[in-house]
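Peer 1: File model_19.cif below, mmCIF, C-alpha atoms:
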```cif
data_query
#
loop_
_atom_site.label_atom_id
_atom_site.label_comp_id
_atom_site.auth_asym_id
_atom_site.auth_seq_id
_atom_site.Cartn_x
_atom_site.Cartn_y
_atom_site.Cartn_z
CA MET T 1 261.59 -22.99 232.95
CA ASN T 2 263.55 -24.80 235.67
CA VAL T 3 264.75 -22.49 238.44
CA LEU T 4 267.13 -23.72 241.12
CA PHE T 5 267.28 -21.73 244.34
CA ALA T 6 270.28 -22.24 246.64
CA SER T 7 269.53 -21.33 250.21
CA ARG T 8 270.17 -22.26 253.79
CA TYR T 9 267.51 -24.66 254.97
CA VAL T 10 264.18 -23.29 256.19
CA ASN T 11 261.39 -25.66 257.24
CA PRO T 12 258.22 -24.40 255.52
CA THR T 13 256.04 -25.84 258.29
CA ASN T 14 257.90 -24.19 261.18
CA PRO T 15 256.21 -20.90 262.24
CA ARG T 16 259.32 -19.84 264.18
CA THR T 17 261.44 -19.29 261.07
CA ASN T 18 261.64 -16.49 258.52
CA HIS T 19 259.62 -17.69 255.53
CA ASN T 20 260.92 -15.13 253.04
CA ILE T 21 262.54 -17.82 250.87
CA ILE T 22 259.57 -20.14 251.23
CA ASN T 23 257.17 -17.37 250.15
CA GLN T 24 259.23 -16.78 247.01
CA VAL T 25 259.25 -20.49 246.18
CA ARG T 26 255.47 -20.72 246.64
CA GLY T 27 254.93 -17.77 244.32
CA LEU T 28 257.24 -19.11 241.61
CA LYS T 29 255.77 -22.62 241.76
CA LYS T 30 252.60 -21.23 240.19
CA ILE T 31 254.44 -20.14 237.04
CA CYS T 32 257.51 -22.36 236.69
CA ASN T 33 259.32 -25.36 238.13
CA VAL T 34 261.43 -24.42 241.16
CA GLU T 35 263.52 -26.52 243.55
CA VAL T 36 265.68 -25.55 246.52
CA LEU T 37 269.28 -26.72 246.79
CA THR T 38 270.28 -26.67 250.44
CA TRP T 39 273.19 -27.64 252.66
CA PRO T 40 272.28 -28.44 256.29
CA SER T 41 275.08 -26.31 257.71
CA ASN T 42 272.89 -24.10 259.90
CA ASP T 43 270.98 -24.60 263.14
CA LEU T 44 267.59 -24.70 261.39
CA TRP T 45 268.18 -28.16 259.95
CA ASP T 46 265.76 -30.58 261.64
CA HIS T 47 266.39 -33.84 259.79
CA GLU T 48 269.10 -36.48 259.84
CA ILE T 49 272.52 -34.91 259.29
CA PRO T 50 274.12 -36.19 256.06
CA LEU T 51 277.76 -37.23 256.06
CA GLU T 52 280.33 -34.49 255.62
CA THR T 53 281.63 -36.12 252.45
CA PRO T 54 280.26 -34.76 249.16
CA ASN T 55 277.30 -36.82 247.99
CA THR T 56 277.15 -37.42 244.26
CA GLU T 57 273.36 -37.53 244.23
CA PRO T 58 271.53 -34.86 246.29
CA LEU T 59 269.05 -36.22 248.80
CA GLU T 60 265.51 -35.23 247.81
CA LEU T 61 263.07 -34.11 250.48
CA ILE T 62 259.54 -32.92 249.74
CA ILE T 63 258.17 -30.85 252.59
CA ASP T 64 254.82 -29.10 252.28
CA ASN T 65 254.97 -29.54 248.47
CA ILE T 66 258.39 -27.87 248.21
CA VAL T 67 261.23 -29.92 246.72
CA PHE T 68 264.54 -29.68 248.58
CA LYS T 69 267.74 -31.09 247.10
CA VAL T 70 270.11 -31.66 250.02
CA ILE T 71 273.84 -31.76 249.44
CA SER T 72 276.51 -32.66 251.97
CA ALA T 73 280.00 -31.27 252.05
CA PRO T 74 282.99 -30.83 254.36
CA ASN T 75 283.14 -27.82 256.68
CA SER T 76 286.26 -26.64 254.86
CA TRP T 77 283.94 -25.48 252.05
CA ASN T 78 282.15 -23.10 254.39
CA GLU T 79 283.48 -19.83 255.76
CA VAL T 80 283.69 -19.82 259.55
CA ALA T 81 284.09 -17.12 262.15
CA GLY T 82 287.05 -14.79 262.45
CA GLY T 83 286.74 -13.35 258.97
CA ASN T 84 287.96 -16.64 257.53
CA ILE T 85 287.81 -17.72 253.90
CA ILE T 86 287.81 -21.00 251.99
CA SER T 87 291.31 -22.13 250.98
CA ASP T 88 292.23 -22.26 247.30
CA GLU T 89 292.26 -26.07 247.30
CA ALA T 90 288.88 -26.32 249.06
CA TRP T 91 287.38 -23.67 246.78
CA GLU T 92 288.39 -25.54 243.63
CA SER T 93 287.07 -28.83 245.05
CA ALA T 94 283.80 -27.16 245.98
CA VAL T 95 283.40 -25.56 242.54
CA ASN T 96 284.03 -28.89 240.79
CA TYR T 97 281.54 -30.61 243.08
CA GLY T 98 279.03 -27.86 242.28
CA ILE T 99 279.56 -28.51 238.57
CA ASP T 100 278.70 -32.20 239.08
CA ILE T 101 275.54 -31.31 241.02
CA LEU T 102 274.36 -28.71 238.49
CA LEU T 103 274.95 -31.10 235.59
CA ARG T 104 272.59 -33.53 237.32
CA LEU T 105 269.92 -30.95 238.18
CA LYS T 106 270.10 -29.05 234.84
CA PRO T 107 268.61 -25.68 235.91
CA ASP T 108 267.85 -22.93 233.38
CA ILE T 109 268.50 -20.33 236.10
CA PHE T 110 270.66 -20.66 239.21
CA HIS T 111 269.53 -18.22 241.94
CA LEU T 112 271.67 -17.95 245.09
CA HIS T 113 269.92 -16.63 248.18
CA HIS T 114 272.17 -17.22 251.20
CA ARG T 115 275.84 -17.02 250.34
CA MET T 116 277.17 -18.71 253.52
CA GLY T 117 278.42 -22.13 252.50
CA PHE T 118 277.06 -21.75 248.98
CA TRP T 119 278.59 -18.93 247.00
CA TRP T 120 281.16 -21.11 245.25
CA LEU T 121 278.12 -22.54 243.42
CA LEU T 122 277.90 -19.26 241.51
CA GLU T 123 281.29 -19.98 239.96
CA SER T 124 280.21 -23.58 239.26
CA ALA T 125 277.18 -22.31 237.33
CA GLN T 126 279.19 -19.65 235.51
CA ARG T 127 281.75 -22.20 234.31
CA LEU T 128 278.85 -24.21 232.87
CA GLY T 129 277.29 -21.16 231.23
CA ILE T 130 274.16 -21.35 233.44
CA PRO T 131 272.69 -17.87 234.08
CA THR T 132 273.34 -16.75 237.67
CA VAL T 133 271.22 -14.53 239.93
CA TYR T 134 271.88 -13.43 243.51
CA THR T 135 269.65 -11.98 246.24
CA ASN T 136 271.39 -10.54 249.29
CA TYR T 137 270.05 -11.08 252.79
CA ASP T 138 273.14 -9.81 254.56
CA TRP T 139 276.39 -8.25 253.36
CA GLY T 140 278.66 -11.25 253.91
CA ILE T 141 279.40 -11.90 250.27
CA ALA T 142 281.52 -8.72 250.44
CA CYS T 143 281.97 -8.06 254.19
CA LEU T 144 283.69 -10.90 256.02
CA ARG T 145 282.15 -9.62 259.25
CA THR T 146 278.78 -9.84 257.39
CA THR T 147 277.30 -6.89 259.32
CA LEU T 148 278.81 -3.75 257.76
CA VAL T 149 279.77 -2.72 261.28
CA THR T 150 283.45 -1.99 261.89
CA GLY T 151 285.59 -3.87 264.36
CA THR T 152 285.32 -0.87 266.69
CA GLY T 153 281.52 -0.93 266.59
CA GLU T 154 280.84 1.92 264.17
CA LEU T 155 278.56 1.75 261.16
CA CYS T 156 280.48 1.12 257.92
CA ASN T 157 279.93 3.39 254.92
CA GLY T 158 279.77 0.31 252.69
CA ILE T 159 282.94 1.03 250.69
CA VAL T 160 285.03 -2.13 250.41
CA ASN T 161 288.78 -2.53 249.95
CA PRO T 162 291.37 -4.98 251.38
CA GLU T 163 293.24 -2.49 253.58
CA LYS T 164 290.13 -1.12 255.23
CA CYS T 165 288.37 -4.48 255.61
CA SER T 166 291.38 -6.36 256.99
CA LYS T 167 291.87 -3.72 259.69
CA CYS T 168 288.19 -4.02 260.55
CA ILE T 169 288.53 -7.80 260.95
CA ARG T 170 291.59 -7.48 263.20
CA ASP T 171 289.89 -4.83 265.35
CA GLY T 172 286.81 -6.98 265.69
CA ARG T 173 288.54 -10.06 267.09
CA LYS T 174 288.26 -9.24 270.78
CA LYS T 175 289.05 -12.56 272.46
CA PRO T 176 292.70 -12.84 273.61
CA MET T 177 293.40 -16.07 271.69
CA ALA T 178 291.84 -14.65 268.53
CA ARG T 179 294.05 -11.57 268.78
CA ILE T 180 297.11 -13.76 269.29
CA ASN T 181 296.06 -15.84 266.28
CA GLU T 182 295.93 -12.68 264.13
CA LYS T 183 299.38 -11.61 265.35
CA VAL T 184 300.91 -15.03 264.60
CA VAL T 185 299.71 -15.14 260.97
CA GLU T 186 301.13 -11.67 260.33
CA PHE T 187 304.55 -13.39 260.33
CA ASP T 188 305.60 -15.68 257.46
CA ILE T 189 306.76 -18.41 259.86
CA GLY T 190 303.43 -18.41 261.68
CA GLU T 191 301.48 -18.57 258.43
CA THR T 192 303.72 -21.38 257.13
CA ILE T 193 303.28 -23.53 260.24
CA LEU T 194 299.51 -23.08 260.45
CA GLY T 195 299.22 -23.60 256.69
CA ALA T 196 301.03 -26.92 256.99
CA ILE T 197 298.79 -27.98 259.87
CA GLU T 198 295.74 -27.04 257.79
CA LYS T 199 296.68 -29.60 255.13
CA CYS T 200 296.20 -32.44 257.62
CA ASN T 201 292.52 -33.37 257.49
CA TYR T 202 292.21 -34.22 261.19
CA LEU T 203 294.03 -31.10 262.35
CA ASN T 204 292.13 -28.99 259.83
CA GLN T 205 288.86 -30.02 261.51
CA ILE T 206 290.26 -28.73 264.81
CA ILE T 207 291.32 -25.47 263.14
CA LEU T 208 287.83 -25.01 261.72
CA SER T 209 286.08 -25.86 264.99
CA LYS T 210 288.25 -23.39 266.95
CA ASN T 211 287.84 -20.60 264.35
CA ILE T 212 291.59 -20.43 263.85
CA VAL T 213 292.80 -18.49 260.81
CA THR T 214 295.90 -19.55 258.87
CA ARG T 215 296.55 -16.44 256.78
CA SER T 216 296.83 -12.75 257.60
CA ALA T 217 293.69 -10.65 257.58
CA PHE T 218 294.95 -8.74 254.55
CA LYS T 219 295.63 -11.90 252.53
CA ARG T 220 292.26 -13.36 253.46
CA THR T 221 290.44 -10.17 252.54
CA PHE T 222 292.36 -9.70 249.31
CA LYS T 223 291.61 -13.26 248.16
CA HIS T 224 287.95 -13.01 249.15
CA GLN T 225 287.46 -9.75 247.26
CA GLN T 226 289.35 -11.10 244.25
CA ARG T 227 286.86 -13.98 244.07
CA LEU T 228 284.01 -11.57 244.66
CA PHE T 229 284.88 -9.29 241.73
CA ASN T 230 285.42 -12.30 239.48
CA ILE T 231 281.95 -13.69 240.25
CA LEU T 232 279.86 -10.53 240.57
CA THR T 233 281.05 -9.06 237.28
CA LYS T 234 279.74 -12.20 235.56
CA LEU T 235 276.40 -12.26 237.37
CA ASP T 236 273.34 -11.90 235.20
CA HIS T 237 271.33 -10.12 237.90
CA ILE T 238 271.25 -9.04 241.55
CA PHE T 239 268.11 -8.41 243.58
CA THR T 240 268.41 -6.25 246.67
CA PRO T 241 265.65 -4.70 248.80
CA SER T 242 267.07 -1.17 249.15
CA GLU T 243 268.62 1.69 247.20
CA PHE T 244 271.62 1.34 249.49
CA GLY T 245 272.01 -2.24 248.26
CA LYS T 246 272.02 -1.08 244.64
CA LYS T 247 274.79 1.42 245.39
CA PHE T 248 276.72 -1.14 247.43
CA PHE T 249 276.86 -3.75 244.67
CA SER T 250 277.64 -1.27 241.90
CA GLN T 251 281.14 -0.81 243.39
CA PHE T 252 282.01 -4.37 242.27
CA GLY T 253 281.61 -3.65 238.59
CA VAL T 254 278.01 -4.85 238.33
CA ARG T 255 276.15 -2.85 235.69
CA ASN T 256 273.25 -0.75 236.93
CA ASP T 257 270.83 -2.48 234.56
CA ARG T 258 271.71 -5.77 236.25
CA ILE T 259 270.76 -4.63 239.77
CA SER T 260 267.10 -4.38 240.77
CA LYS T 261 265.64 -3.05 243.97
CA LEU T 262 262.88 -5.50 244.87
CA THR T 263 261.26 -5.21 248.29
CA TRP T 264 260.53 -8.47 250.12
CA PRO T 265 257.03 -9.77 249.32
CA TYR T 266 254.28 -10.30 251.84
CA ASP T 267 250.66 -11.37 251.68
CA ARG T 268 248.28 -9.68 254.07
CA LEU T 269 245.62 -12.04 255.37
CA GLU T 270 242.24 -10.35 255.36
CA GLU T 271 241.12 -11.44 258.75
CA THR T 272 240.08 -9.59 261.87
CA PHE T 273 241.42 -10.10 265.36
CA ASP T 274 239.84 -9.33 268.68
CA VAL T 275 241.99 -6.50 269.98
CA PRO T 276 241.47 -5.90 273.70
CA LEU T 277 241.01 -2.32 274.84
CA ASN T 278 244.22 -1.13 276.40
CA ASP T 279 245.19 2.27 277.72
CA GLN T 280 248.87 1.42 277.50
CA PHE T 281 251.12 2.49 274.65
CA ILE T 282 252.31 -0.86 273.26
CA ILE T 283 255.63 -1.26 271.46
CA THR T 284 256.51 -4.69 270.11
CA PHE T 285 259.78 -6.33 269.11
CA ILE T 286 259.45 -9.34 266.80
CA GLY T 287 262.46 -11.48 265.99
CA ARG T 288 265.39 -13.41 267.36
CA VAL T 289 266.46 -12.11 270.77
CA SER T 290 270.21 -11.82 270.16
CA PRO T 291 272.91 -9.15 270.62
CA ASP T 292 272.98 -8.13 266.94
CA LYS T 293 269.26 -7.37 267.12
CA GLY T 294 270.01 -4.80 269.82
CA VAL T 295 267.17 -5.82 272.14
CA HIS T 296 269.09 -4.57 275.17
CA LEU T 297 268.89 -1.05 273.73
CA ILE T 298 265.12 -1.04 274.20
CA PHE T 299 265.45 -1.68 277.94
CA GLU T 300 268.20 0.93 278.27
CA ALA T 301 265.98 3.42 276.45
CA LEU T 302 263.00 2.72 278.71
CA GLU T 303 265.20 3.15 281.77
CA ASN T 304 265.81 6.69 280.47
CA LEU T 305 262.05 7.39 280.48
CA PRO T 306 261.01 7.20 284.16
CA ASN T 307 258.44 9.98 283.79
CA LEU T 308 256.58 8.43 280.88
CA THR T 309 253.63 6.32 281.94
CA SER T 310 251.62 3.43 280.53
CA ILE T 311 254.18 1.87 278.17
CA CYS T 312 254.06 -1.86 277.54
CA LEU T 313 257.02 -3.54 275.82
CA ARG T 314 256.34 -6.92 274.21
CA ILE T 315 259.23 -9.17 273.16
CA LEU T 316 257.98 -11.79 270.71
CA GLY T 317 260.53 -14.50 269.94
CA ILE T 318 262.19 -15.52 273.18
CA ASN T 319 264.74 -18.34 273.13
CA ASP T 320 267.11 -20.19 275.45
CA SER T 321 270.25 -18.19 274.57
CA GLU T 322 272.33 -16.76 277.40
CA TYR T 323 271.65 -13.25 276.09
CA CYS T 324 267.88 -13.72 276.16
CA ILE T 325 267.87 -15.43 279.56
CA ASN T 326 269.97 -12.64 281.09
CA LEU T 327 267.55 -9.99 279.82
CA GLN T 328 264.57 -11.95 281.13
CA ASN T 329 266.20 -12.31 284.54
CA LYS T 330 267.01 -8.61 284.70
CA TYR T 331 263.61 -7.44 283.43
CA PRO T 332 261.11 -10.23 284.22
CA ASN T 333 258.01 -8.03 283.94
CA LYS T 334 259.04 -4.41 284.53
CA VAL T 335 261.58 -1.81 283.47
CA ASN T 336 261.02 1.20 285.69
CA GLN T 337 257.25 1.46 285.80
CA HIS T 338 256.87 0.12 282.25
CA THR T 339 255.34 -3.31 281.70
CA VAL T 340 257.38 -6.05 279.97
CA GLU T 341 255.80 -9.10 278.34
CA TRP T 342 257.95 -12.00 277.14
CA VAL T 343 256.21 -14.05 274.45
CA GLN T 344 257.10 -17.36 272.81
CA TRP T 345 257.23 -17.53 269.01
CA SER T 346 253.69 -17.57 267.68
CA GLU T 347 251.53 -16.14 264.91
CA ILE T 348 252.59 -12.50 264.68
CA LYS T 349 249.57 -10.98 262.99
CA PRO T 350 247.44 -10.66 266.15
CA TYR T 351 250.34 -8.89 267.81
CA LEU T 352 250.76 -6.47 264.91
CA ALA T 353 247.02 -5.78 265.07
CA SER T 354 247.26 -4.83 268.74
CA THR T 355 250.47 -2.82 268.81
CA ASP T 356 250.96 0.93 268.56
CA ALA T 357 254.49 0.70 267.14
CA LEU T 358 256.95 -1.97 266.02
CA ILE T 359 260.49 -1.48 267.25
CA ILE T 360 263.60 -2.58 265.34
CA PRO T 361 266.73 -1.74 267.40
CA SER T 362 269.30 -3.58 265.21
CA ILE T 363 272.97 -2.82 265.76
CA TRP T 364 274.10 -4.03 262.35
CA MET T 365 273.28 -2.86 258.81
CA ASP T 366 269.99 -4.76 258.92
CA ASN T 367 269.05 -5.52 255.34
CA THR T 368 265.41 -4.36 255.27
CA PRO T 369 264.17 -6.91 257.84
CA LEU T 370 261.00 -8.82 257.06
CA THR T 371 259.38 -7.52 260.26
CA LEU T 372 259.68 -4.03 258.78
CA ILE T 373 257.76 -5.19 255.71
CA GLU T 374 255.15 -6.94 257.85
CA ALA T 375 254.58 -3.76 259.87
CA ILE T 376 254.19 -1.71 256.68
CA VAL T 377 251.66 -4.19 255.28
CA TYR T 378 249.60 -3.95 258.48
CA LYS T 379 250.10 -0.16 258.65
CA VAL T 380 251.92 -0.18 261.98
CA PRO T 381 254.32 2.75 262.66
CA ILE T 382 257.95 1.75 263.13
CA ILE T 383 260.71 2.86 265.51
CA ALA T 384 264.05 2.01 263.91
CA PRO T 385 267.67 3.19 263.56
CA SER T 386 268.48 5.57 260.73
CA LEU T 387 270.25 2.90 258.66
CA PRO T 388 270.46 3.54 254.90
CA SER T 389 269.08 0.03 254.33
CA ILE T 390 265.95 0.91 256.34
CA SER T 391 265.40 4.67 256.37
CA GLU T 392 263.97 4.91 252.84
CA TYR T 393 260.95 2.93 254.08
CA LEU T 394 260.30 5.23 257.04
CA GLU T 395 259.35 8.42 255.22
CA ASN T 396 255.93 10.14 255.11
CA GLY T 397 255.17 9.54 258.76
CA VAL T 398 255.83 5.78 258.71
CA GLY T 399 258.76 5.78 261.11
CA TYR T 400 260.52 7.33 264.06
CA MET T 401 264.27 7.09 263.63
CA PHE T 402 267.10 7.15 266.15
CA ASN T 403 270.88 7.17 265.92
CA PHE T 404 272.65 3.86 265.39
CA ASN T 405 273.40 1.95 268.63
CA ASP T 406 272.30 4.91 270.78
CA SER T 407 269.85 4.20 273.61
CA VAL T 408 269.50 7.89 274.49
CA SER T 409 268.46 8.69 270.93
CA LEU T 410 266.12 5.70 271.04
CA SER T 411 264.52 7.10 274.20
CA LYS T 412 263.73 10.31 272.34
CA ALA T 413 262.28 8.36 269.40
CA ILE T 414 260.02 6.37 271.74
CA GLN T 415 258.92 9.57 273.47
CA THR T 416 258.10 11.21 270.12
CA ALA T 417 256.19 8.15 268.97
CA TYR T 418 254.34 8.02 272.29
CA SER T 419 253.27 11.64 271.89
CA GLU T 420 252.30 11.51 268.22
CA ILE T 421 251.01 8.11 267.14
CA LYS T 422 247.66 8.15 268.91
CA LYS T 423 247.04 11.74 267.87
CA LYS T 424 247.41 10.98 264.17
CA SER T 425 244.61 10.08 261.82
CA SER T 426 245.34 7.22 259.43
CA THR T 427 245.36 9.58 256.45
CA ASN T 428 248.45 11.40 257.74
CA THR T 429 250.74 8.42 257.09
CA ILE T 430 251.56 7.08 253.63
CA PHE T 431 252.84 3.51 253.81
CA PRO T 432 254.91 2.20 250.87
CA LYS T 433 253.38 -0.39 248.55
CA ILE T 434 254.55 -3.93 249.26
CA LEU T 435 254.33 -6.56 246.53
CA SER T 436 252.29 -9.68 247.17
CA VAL T 437 254.02 -13.05 246.89
CA ASN T 438 252.50 -13.58 243.44
CA GLU T 439 253.45 -10.08 242.26
CA TYR T 440 257.01 -10.64 243.44
CA ALA T 441 257.19 -13.96 241.56
CA ILE T 442 256.06 -12.22 238.39
CA GLU T 443 258.88 -9.65 238.76
CA LEU T 444 261.42 -12.44 239.24
CA MET T 445 260.10 -14.25 236.18
CA LYS T 446 260.39 -11.11 234.04
CA ILE T 447 264.11 -10.94 234.82
CA TYR T 448 264.62 -14.69 234.37
CA LYS T 449 263.00 -14.59 230.93
CA SER T 450 265.00 -11.53 229.85
CA ILE T 451 268.22 -13.31 230.87
CA CYS T 452 267.33 -16.51 229.00
CA ILE T 453 266.43 -14.55 225.83
CA LYS T 454 269.88 -12.88 225.90
CA GLU T 455 271.54 -16.22 226.42
#
```
Let me see whether you can do it: turn the structure in this file into structure tokens.

Peer 2:
Amino acid sequence: MNVLFASRYVNPTNPRTNHNIINQVRGLKKICNVEVLTWPSNDLWDHEIPLETPNTEPLELIIDNIVFKVISAPNSWNEVAGGNIISDEAWESAVNYGIDILLRLKPDIFHLHHRMGFWWLLESAQRLGIPTVYTNYDWGIACLRTTLVTGTGELCNGIVNPEKCSKCIRDGRKKPMARINEKVVEFDIGETILGAIEKCNYLNQIILSKNIVTRSAFKRTFKHQQRLFNILTKLDHIFTPSEFGKKFFSQFGVRNDRISKLTWPYDRLEETFDVPLNDQFIITFIGRVSPDKGVHLIFEALENLPNLTSICLRILGINDSEYCINLQNKYPNKVNQHTVEWVQWSEIKPYLASTDALIIPSIWMDNTPLTLIEAIVYKVPIIAPSLPSISEYLENGVGYMFNFNDSVSLSKAIQTAYSEIKKKSSTNTIFPKILSVNEYAIELMKIYKSICIKE
């Protein structure tokens, strides 16, 4: 069986990147032929940038025994910021290009993993009669803000419709020029002028680079959701890592027997680490230090705990973003009396082995983050927001939950964890079972085979 993944690029040899996709490829390679179709439209690409014109023959790269098929395409085929969508003309061009690529690669199964810049390929495959599968990593295939957080900063209930979602997009565009842009396209004359400008290739590049929208939020949302229903109702299967995900995708007409909850896979390495004796209570954040990850909430929470002693906060994954630098400057090594350690990206397992609790302060509908799975595998308690995409994993003593985007509630969760974790025996906590990479591949293959038999 020939399986074609479509995913944003991830270098399998780079320890600083999330290897979820790479792990799945490695597992499947043992039981079928699998290649990865990728478009270097994200900041992880670390090779020569192909031209922005569609290439008729994908560039083949073999990295660490994984075959990548690299396509190039204009930016107009990729959604950009501001709740934008691909124009009708660009969508049709992209779909036809996808048909040419798929006819060359001849997959038995087309499996989309990251929808950004790629989801028109689902329609390409469906027009050719190639079975289509989708795994969601965020919510952007349905939510143009991608986060399932409203424009006013509240957690969305996950119910999608054009009126609600277009208001959310307008509310979320905070910059003055972005708000003016939204007002202009509410009028027919504004939409007509910007639409005419969009048809000029040179000016269209400027529009894309400045995140300018050319249609009203309602029209953009309506068109996006129209495409979404058309594609999802024809999907052969969806994989999602939570019960919330299953409920979310069922609203688009996807049959329940075509949606599977499948938790991200992870292989535990049976190795021991020298863990230094430490009287401190250590909480560790692992991931990209960015606003959506809510790292600032941890510091705000610790500022609310001046009477608690011997806490050490470790931040693993520092970068050169303005957000990260500002936090480092404000809290170089202390927050109140609590110790702060800033750590470059490195092998995480020794840090999991020496931490009392992992902390996940995300301020978006985090889709069962891989760090959550890693902590469960290594039996590390978790402090996390009570998100429906996370909370089902935190039962039976596994987690300490706090209210979404609430540093005061987080303070209480940290205090509870501080009081309880070291008092517990290991038998008091029941961690969920996590599939190994090979077990996960077997589950994927079961679905692939069932689809091909029906076809």

Peer 1: Got a sec to resolve the PyMOL selection byres ((chain T and resi 403-410) around 6) on this structure and send the residues as a compact mmCIF listing (two decimals) with C-alpha atoms, in the coordinates of the input?

Peer 2:
```
# COMPACT_ATOMS: atom_id res chain seq x y z
CA LEU T 297 268.89 -1.05 273.73
CA GLU T 300 268.20 0.93 278.27
CA ALA T 301 265.98 3.42 276.45
CA ILE T 363 272.97 -2.82 265.76
CA PRO T 385 267.67 3.19 263.56
CA SER T 386 268.48 5.57 260.73
CA PHE T 402 267.10 7.15 266.15
CA SER T 411 264.52 7.10 274.20
CA LYS T 412 263.73 10.31 272.34
CA ALA T 413 262.28 8.36 269.40
```

Peer 1: Using only C-alpha atoms for the distances, tell me which of T:Glu182, T:Asp279, T:Glu79, T:Glu89 is nearest to Gly117 of chain T.

Peer 2: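 Result for the nearest residue to Gly117 of chain T: T:Glu79.
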
Peer 1: Of the candidates T:Leu61, T:Cys168, T:Leu37, T:Ala217, which shows the shortest atom-to-atom distance to Thr147 of chain T, using all atoms listed in the file?

Peer 2: T:Cys168

Peer 1: Which value, in Å to one decimal, gives the distance between atom CA of Pro361 of chain T and atom CA of Pro432 of chain T?

Peer 2: 20.7 Å

Peer 1: Under the rule that all atoms listed in the file are counted, which of T:Phe5, T:Trp139, T:Trp91, T:Phe110 is the nearest residue to Phe244 of chain T?

Peer 2: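 Among T:Phe5, T:Trp139, T:Trp91, T:Phe110, it is T:Trp139 that comes nearest to Phe244 of chain T.
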
Peer 1: With the PyMOL selection byres ((chain T and resi 219) around 10) as the selection, what would be picked from this file? Answer as a list in words, please.

Peer 2: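 Output of the PyMOL selection byres ((chain T and resi 219) around 10): Ile85, Pro162, Glu163, Ser166, Val185, Glu186, Thr214, Arg215, Ser216, Ala217, Phe218, Arg220, Thr221, Phe222, Lys223, His224 and Gln225 of chain T.
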
Peer 1: I'd like the contact shell of Ser346 of chain T - 9 Å cut-off, only C-alpha atoms, skipping same-chain residues fewer than 3 positions apart - returned as an mmCIF file with C-alpha atoms, in the coordinates of the input.

Peer 2:
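File written: selection19.cif
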```cif
data_model
loop_
_atom_site.group_PDB
_atom_site.id
_atom_site.type_symbol
_atom_site.label_atom_id
_atom_site.label_comp_id
_atom_site.auth_asym_id
_atom_site.auth_seq_id
_atom_site.Cartn_x
_atom_site.Cartn_y
_atom_site.Cartn_z
ATOM 1 C CA PRO T 15 256.210 -20.900 262.240
ATOM 2 C CA ARG T 16 259.320 -19.840 264.180
ATOM 3 C CA LEU T 316 257.980 -11.790 270.710
ATOM 4 C CA GLY T 317 260.530 -14.500 269.940
ATOM 5 C CA VAL T 343 256.210 -14.050 274.450
#
```

Peer 1: How far is it from atom CA of Asn319 of chain T to atom CA of Trp345 of chain T, in Å with one decimal?

Peer 2: 8.6 Å

Peer 1: Convert the output of the PyMOL selection byres ((chain T and resi 127) around 12) on the shown file into explicit residues, formatted as an MDAnalysis selection string.

Peer 2: chainID T and resid 92 95:96 98:100 102:103 120:126 128:132 230:231 234:235

Peer 1: Mind working out the centre and edge lengths of an axis-aligned box for segment 215-220 of chain T, all listed atoms inside, 5 Å added to each side, rounded to one decimal in Å and written as lines of an AutoDock Vina configuration file?

Peer 2:
```
center_x = 294.5
center_y = -12.6
center_z = 255.1
size_x = 14.6
size_y = 17.7
size_z = 15.1
```

Peer 1: Using only C-alpha atoms, which protein or nucleic acid residues come within 12 Å of Arg145 of chain T? Drop anything in the same chain fewer than 4 positions from it, and give the result as number ranges by chain.

Peer 2: T: 79-85, 116, 138-141, 149-153, 156, 160, 165-173, 217, 221, 364-365

Peer 1: Between atom CA of Asp257 of chain T and atom CA of Asp236 of chain T, measure the distance and give it in Å to one decimal.

Peer 2: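 Computing it gives 9.8 Å between the two atoms.
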
Peer 1: Find the residues near Trp264 of chain T: any atom within 7 Å, counting all atoms listed in the file, skip ones fewer than 2 places away on the same chain, and give them as a PDB file with C-alpha atoms, keeping the file's coordinate frame.

Peer 2:
```
ATOM      1  CA  PRO T 241     265.650  -4.700 248.800  1.00  0.00           C
ATOM      2  CA  LEU T 262     262.880  -5.500 244.870  1.00  0.00           C
ATOM      3  CA  TYR T 266     254.280 -10.300 251.840  1.00  0.00           C
ATOM      4  CA  LEU T 370     261.000  -8.820 257.060  1.00  0.00           C
TER       5      LEU T 370
END
```

Peer 1: Counting all atoms listed in the file, which residues sit no farther than 12 Å from the position (257.1, -31.8, 247.7) in the file's frame? I'd like them as a ChimeraX atom specification.

Peer 2: /T:12,25-26,29,33-36,60-69

Peer 1: Would you list the contacts of Val437 of chain T as a count of residues only, taking every protein, DNA or RNA residue within 8 Å and counting all atoms listed in the file, but skipping same-chain residues closer than 6 positions in sequence?

Peer 2: 7

Peer 1: Looking at T:Ile325, T:Leu269, T:Leu394, T:Val340, which one is nearest to Leu302 of chain T, with distances taken over all atoms listed in the file?

Peer 2: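 Using all atoms listed in the file, Leu302 of chain T sits closest to T:Val340.
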
Peer 1: Which is closest to Ser290 of chain T among T:Ser310, T:Thr240, T:Pro176, T:Ser362, if we use all atoms listed in the file?

Peer 2: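 Smallest separation from Ser290 of chain T among the options: T:Ser362.
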